[in-house]
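Colleague: Sharing protein.tsv here; it has TSV, C-alpha atoms.
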```
chain	number	residue	atom	x	y	z
A	1	MET	CA	-15.81	28.48	28.84
A	2	ALA	CA	-15.57	29.35	25.14
A	3	GLU	CA	-18.30	31.43	23.50
A	4	LEU	CA	-19.76	31.04	20.03
A	5	VAL	CA	-18.92	34.18	18.00
A	6	ARG	CA	-20.74	33.42	14.74
A	7	ARG	CA	-22.50	30.64	12.86
A	8	GLN	CA	-22.98	30.41	9.12
A	9	HIS	CA	-24.61	27.77	6.92
A	10	VAL	CA	-23.38	27.05	3.40
A	11	ASP	CA	-23.90	24.38	0.78
A	12	ALA	CA	-20.86	22.56	-0.54
A	13	TYR	CA	-21.12	20.99	-3.97
A	14	VAL	CA	-19.23	17.72	-3.69
A	15	GLY	CA	-17.59	16.37	-6.83
A	16	TYR	CA	-15.38	13.27	-7.01
A	17	HIS	CA	-15.90	12.69	-3.27
A	18	ALA	CA	-14.30	16.03	-2.42
A	19	PHE	CA	-14.67	19.68	-1.53
A	20	GLY	CA	-12.43	22.21	0.12
A	21	LEU	CA	-12.31	25.36	2.19
A	22	GLN	CA	-9.65	27.73	0.93
A	23	GLU	CA	-8.37	31.14	1.95
A	24	SER	CA	-10.34	33.79	0.05
A	25	ASP	CA	-7.16	35.67	-0.86
A	26	ASP	CA	-5.69	32.60	-2.55
A	27	ALA	CA	-3.30	34.22	-5.06
A	28	ASP	CA	-0.20	33.39	-3.01
A	29	LEU	CA	-1.10	29.86	-1.87
A	30	PRO	CA	1.67	27.40	-2.68
A	31	VAL	CA	-0.81	24.56	-3.34
A	32	PRO	CA	-4.21	25.79	-4.61
A	33	PHE	CA	-7.30	23.56	-4.56
A	34	PRO	CA	-7.43	20.77	-5.74
A	35	ASP	CA	-3.69	20.20	-6.28
A	36	ASP	CA	-2.24	17.38	-4.12
A	37	PHE	CA	-5.70	16.41	-2.76
A	38	ASP	CA	-5.33	13.23	-0.67
A	39	PHE	CA	-8.46	11.07	-1.05
A	40	ASP	CA	-7.20	8.65	1.62
A	41	VAL	CA	-7.81	11.05	4.53
A	42	PHE	CA	-11.03	12.64	5.79
A	43	LEU	CA	-9.42	16.03	6.49
A	44	GLY	CA	-6.29	17.17	4.71
A	45	ALA	CA	-4.49	20.45	5.35
A	46	HIS	CA	-2.30	22.60	3.12
A	47	PRO	CA	-1.26	26.21	3.74
A	48	GLY	CA	-4.47	28.27	3.59
A	49	ARG	CA	-6.56	25.28	2.58
A	50	LEU	CA	-8.59	22.41	4.07
A	51	ASP	CA	-9.50	19.38	1.94
A	52	ILE	CA	-12.51	17.28	2.94
A	53	THR	CA	-13.20	13.82	1.54
A	54	SER	CA	-16.89	12.95	1.31
A	55	GLY	CA	-18.71	9.63	1.51
A	56	GLY	CA	-20.57	10.39	-1.72
A	57	HIS	CA	-19.33	11.06	-5.23
A	58	THR	CA	-21.62	13.87	-6.40
A	59	HIS	CA	-24.06	15.71	-4.13
A	60	THR	CA	-24.61	18.90	-2.17
A	61	ALA	CA	-23.51	18.69	1.47
A	62	ALA	CA	-24.92	20.93	4.20
A	63	VAL	CA	-22.12	22.69	6.06
A	64	SER	CA	-22.50	24.60	9.33
A	65	VAL	CA	-19.50	26.75	10.16
A	66	GLU	CA	-18.97	28.01	13.70
A	67	VAL	CA	-16.37	30.48	14.91
A	68	TRP	CA	-15.52	30.31	18.63
A	69	ASP	CA	-13.39	32.57	20.83
A	70	GLY	CA	-11.68	29.49	22.33
A	71	PRO	CA	-11.79	25.70	22.01
A	72	PRO	CA	-15.46	24.68	21.58
A	73	PRO	CA	-17.00	21.95	23.72
A	74	GLU	CA	-15.93	18.45	22.75
A	75	GLN	CA	-18.27	16.61	20.40
A	76	ASP	CA	-19.57	13.13	21.27
A	77	LEU	CA	-17.78	10.95	18.71
A	78	ALA	CA	-20.77	8.57	18.68
A	79	ASP	CA	-22.83	11.35	17.03
A	80	TRP	CA	-20.48	11.58	14.03
A	81	ASP	CA	-19.28	9.27	11.25
A	82	GLU	CA	-15.92	11.08	11.00
A	83	GLN	CA	-14.12	13.80	12.91
A	84	ALA	CA	-10.65	15.34	12.58
A	85	GLU	CA	-8.73	18.48	13.56
A	86	ALA	CA	-6.11	20.56	11.78
A	87	ASP	CA	-4.34	23.92	11.85
A	88	PHE	CA	-5.42	26.63	9.41
A	89	GLU	CA	-3.82	29.97	8.55
A	90	SER	CA	-5.99	32.73	7.10
A	91	THR	CA	-4.44	35.95	5.82
A	92	SER	CA	-7.77	37.64	5.07
A	93	GLY	CA	-10.18	36.24	7.67
A	94	GLU	CA	-12.41	34.81	4.94
A	95	VAL	CA	-12.59	31.43	3.23
A	96	ALA	CA	-14.44	30.16	0.16
A	97	VAL	CA	-15.91	26.72	-0.53
A	98	TRP	CA	-14.35	24.93	-3.50
A	99	SER	CA	-15.61	22.02	-5.58
A	100	MET	CA	-13.80	19.69	-7.98
A	101	HIS	CA	-16.68	20.25	-10.46
A	102	THR	CA	-17.62	23.90	-10.14
A	103	GLY	CA	-14.55	25.59	-8.67
A	104	ARG	CA	-14.97	28.43	-6.19
A	105	SER	CA	-18.39	29.23	-4.75
A	106	ASP	CA	-19.68	32.80	-4.76
A	107	GLY	CA	-20.31	33.10	-1.01
A	108	LEU	CA	-17.64	33.62	1.61
A	109	ILE	CA	-17.32	32.31	5.15
A	110	THR	CA	-16.21	35.03	7.56
A	111	LEU	CA	-13.84	33.91	10.31
A	112	ALA	CA	-12.65	37.34	11.48
A	113	ASP	CA	-12.00	40.91	10.31
A	114	SER	CA	-8.39	40.07	9.55
A	115	GLY	CA	-6.02	37.15	9.23
A	116	ARG	CA	-4.80	34.89	12.00
A	117	SER	CA	-3.96	31.29	12.89
A	118	TRP	CA	-6.83	28.92	13.67
A	119	ARG	CA	-7.47	25.45	14.92
A	120	VAL	CA	-10.35	23.70	13.16
A	121	ARG	CA	-12.45	20.61	13.90
A	122	VAL	CA	-14.49	19.03	11.10
A	123	SER	CA	-17.26	16.57	11.98
A	124	CYS	CA	-19.46	14.72	9.50
A	125	VAL	CA	-22.60	12.56	9.56
A	126	GLY	CA	-24.52	10.92	6.68
A	127	ARG	CA	-21.54	9.48	4.83
A	128	ALA	CA	-23.15	6.09	4.18
A	129	ALA	CA	-26.38	7.69	2.96
A	130	ALA	CA	-24.41	9.97	0.60
A	131	ALA	CA	-22.47	6.95	-0.70
A	132	ALA	CA	-25.73	5.02	-1.27
A	133	LEU	CA	-27.21	7.96	-3.20
A	134	SER	CA	-24.10	8.12	-5.36
A	135	GLU	CA	-24.50	4.42	-6.17
A	136	GLY	CA	-28.21	4.79	-6.95
A	137	GLU	CA	-29.98	8.02	-7.88
A	138	GLY	CA	-26.79	9.99	-8.28
A	139	THR	CA	-27.15	13.15	-6.22
A	140	GLY	CA	-28.73	14.40	-3.02
A	141	LEU	CA	-29.14	17.63	-1.07
A	142	GLY	CA	-28.10	17.87	2.58
A	143	VAL	CA	-27.89	14.11	3.16
A	144	GLU	CA	-24.30	14.47	4.30
A	145	ARG	CA	-23.90	17.15	6.98
A	146	TYR	CA	-20.76	18.82	8.30
A	147	LEU	CA	-19.98	20.89	11.35
A	148	VAL	CA	-16.80	22.94	10.90
A	149	GLN	CA	-15.61	24.70	14.08
A	150	PHE	CA	-12.83	27.30	14.05
A	151	TRP	CA	-11.17	28.83	17.11
A	152	PRO	CA	-8.00	30.91	17.56
A	153	ALA	CA	-4.84	28.83	17.68
A	154	GLN	CA	-2.74	29.02	20.81
A	155	PRO	CA	0.38	31.17	20.32
```
For this file, produce the structure as structure tokens.

Modeller:
Amino acid sequence: MAELVRRQHVDAYVGYHAFGLQESDDADLPVPFPDDFDFDVFLGAHPGRLDITSGGHTHTAAVSVEVWDGPPPEQDLADWDEQAEADFESTSGEVAVWSMHTGRSDGLITLADSGRSWRVRVSCVGRAAAAALSEGEGTGLGVERYLVQFWPAQP
């Protein structure tokens, strides 16, 4: 059974229904955030980058990031509004949160001490509440919550 290696909590400032997780060493990425962002999918993947489409226009989402040593236990889909998986390649072992409004966040998410290939599952709850806030008051904090789980990709 897979073991949890590390857990980290970050805030993601959502702008224009979007935020991203991008390789920290992003100088050589062929498509940097937010170029070619696809708003029609919940989770989009580009080399060194994950794009996440939110239910709300402008708010701060709560993001829990977990790193596992193997595939984590399956999530009950009934507990989540959306869930998707993708492949992710990190050359540095660290990723940053990106926003359409504010650009790169200061904090980093540590996946490993060095680069490697990962599989990632992104789950989200609170999309309707975030959308309702966007229609009404405008912004919210932690109404939309994400669980992002990384584990080493199979060779």

Colleague: Could you list, as number ranges by chain, every residue within 8 Å of Tyr13 (chain A), counting all atoms listed in the file and ignoring same-chain residues fewer than 4 positions away?

Modeller: A: 19, 58-61, 98-99, 101-102

Colleague: Between CA of Gly103 (chain A) and CA of Val31 (chain A), measure the distance and give it in Å to one decimal.

Modeller: 14.8 Å

Colleague: Ranking A:Met100, A:Ala128, A:Ala84, A:Ala153 by minimum distance to Gly115 (chain A) and counting all atoms listed in the file, which one comes first?

Modeller: A:Ala153

Colleague: Using all atoms listed in the file, which of the listed residues (A:Gly136, A:Pro152, A:Pro30, A:Gly48) sits closest to Thr91 (chain A)?

Modeller: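 For Thr91 (chain A), the nearest of the given residues is A:Gly48.
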
Colleague: Counting all atoms listed in the file, figure out which residue out of A:Pro32, A:Gly56, A:Gly20, A:Pro72 gets nearest to Val5 (chain A).

Modeller: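 That would be A:Pro72, the residue with the smallest distance to Val5 (chain A).
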
Colleague: Nearest to Ala45 (chain A): which of A:Ala129, A:Ala86, A:Ala2, A:Val10 is it, counting all atoms listed in the file?

Modeller: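 Distance minimum relative to Ala45 (chain A) lands on A:Ala86.
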
Colleague: I'd like the neighbourhood of Ala112 (chain A) as an MDAnalysis selection string, where a residue qualifies if any of its atoms comes within 9 Å (using only C-alpha atoms), though same-chain residues fewer than 3 positions away should be ignored.

Modeller: chainID A and resid 67 92:94 115:116

Colleague: Report the distance between CA of Ser105 (chain A) and CA of Gln22 (chain A) in Å, rounded to one decimal place.

Modeller: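 Distance between the two atoms: 10.5 Å.
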
Colleague: Could you jot down the CA of Phe39 (chain A) to CA of Gln154 (chain A) separation for me, Å, one decimal place?

Modeller: 28.9 Å

Colleague: Measuring between all atoms listed in the file, which one of A:Glu82, A:Glu3, A:Asp113, A:Asp26 shows the shortest distance to Trp68 (chain A)?

Modeller: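 Comparing A:Glu82, A:Glu3, A:Asp113, A:Asp26 against Trp68 (chain A), the winner is A:Glu3.
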
Colleague: When you count all atoms listed in the file, which of these residues is closest to Leu4 (chain A): A:Val65, A:Ala130, A:Ala96, A:Val125?

Modeller: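 So, comparing all the options, the nearest one is A:Val65.
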
Colleague: Fewer than 5 positions away in the same chain doesn't count, so skip those; otherwise give me all residues within 10 Å of Ser64 (chain A), counting all atoms listed in the file, as a ChimeraX atom specification.

Modeller: /A:7-11,122-123,145-149

Colleague: For C-alpha atoms, I'd like the residues from the last selection saved as a tab-separated table (two decimals), in the frame of the given file.

Modeller:
```
chain	number	residue	atom	x	y	z
A	7	ARG	CA	-22.50	30.64	12.86
A	8	GLN	CA	-22.98	30.41	9.12
A	9	HIS	CA	-24.61	27.77	6.92
A	10	VAL	CA	-23.38	27.05	3.40
A	11	ASP	CA	-23.90	24.38	0.78
A	122	VAL	CA	-14.49	19.03	11.10
A	123	SER	CA	-17.26	16.57	11.98
A	145	ARG	CA	-23.90	17.15	6.98
A	146	TYR	CA	-20.76	18.82	8.30
A	147	LEU	CA	-19.98	20.89	11.35
A	148	VAL	CA	-16.80	22.94	10.90
A	149	GLN	CA	-15.61	24.70	14.08
```

Colleague: Report as a list in words all protein, DNA and RNA residues lying within 9 Å of Ser54 (chain A), evaluated on all atoms listed in the file, omitting residues in the same chain fewer than 5 positions from it.

Modeller: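 Returned residues: Val14, Gly15, Tyr16, His17, Ala18, Phe19, Phe39, Phe42, Ala61, Cys124, Arg127, Ala130, Ala131 and Glu144 of chain A.
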
Colleague: Keeping only C-alpha atoms, take the residues you just selected and write them out as a CSV table (one decimal), in the coordinates of the input.

Modeller:
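What landed in again30.csv:
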```csv
chain,number,residue,atom,x,y,z
A,14,VAL,CA,-19.2,17.7,-3.7
A,15,GLY,CA,-17.6,16.4,-6.8
A,16,TYR,CA,-15.4,13.3,-7.0
A,17,HIS,CA,-15.9,12.7,-3.3
A,18,ALA,CA,-14.3,16.0,-2.4
A,19,PHE,CA,-14.7,19.7,-1.5
A,39,PHE,CA,-8.5,11.1,-1.0
A,42,PHE,CA,-11.0,12.6,5.8
A,61,ALA,CA,-23.5,18.7,1.5
A,124,CYS,CA,-19.5,14.7,9.5
A,127,ARG,CA,-21.5,9.5,4.8
A,130,ALA,CA,-24.4,10.0,0.6
A,131,ALA,CA,-22.5,7.0,-0.7
A,144,GLU,CA,-24.3,14.5,4.3
```

Colleague: Using only the atoms of region 111-130 of chain A listed in the file, plus 6 Å on each side, state the axis-aligned box centre and edge lengths in Å rounded to one decimal, as JSON.

Modeller:
```
{"center_x": -15.2, "center_y": 23.5, "center_z": 7.8, "size_x": 34.4, "size_y": 46.8, "size_z": 26.3}
```
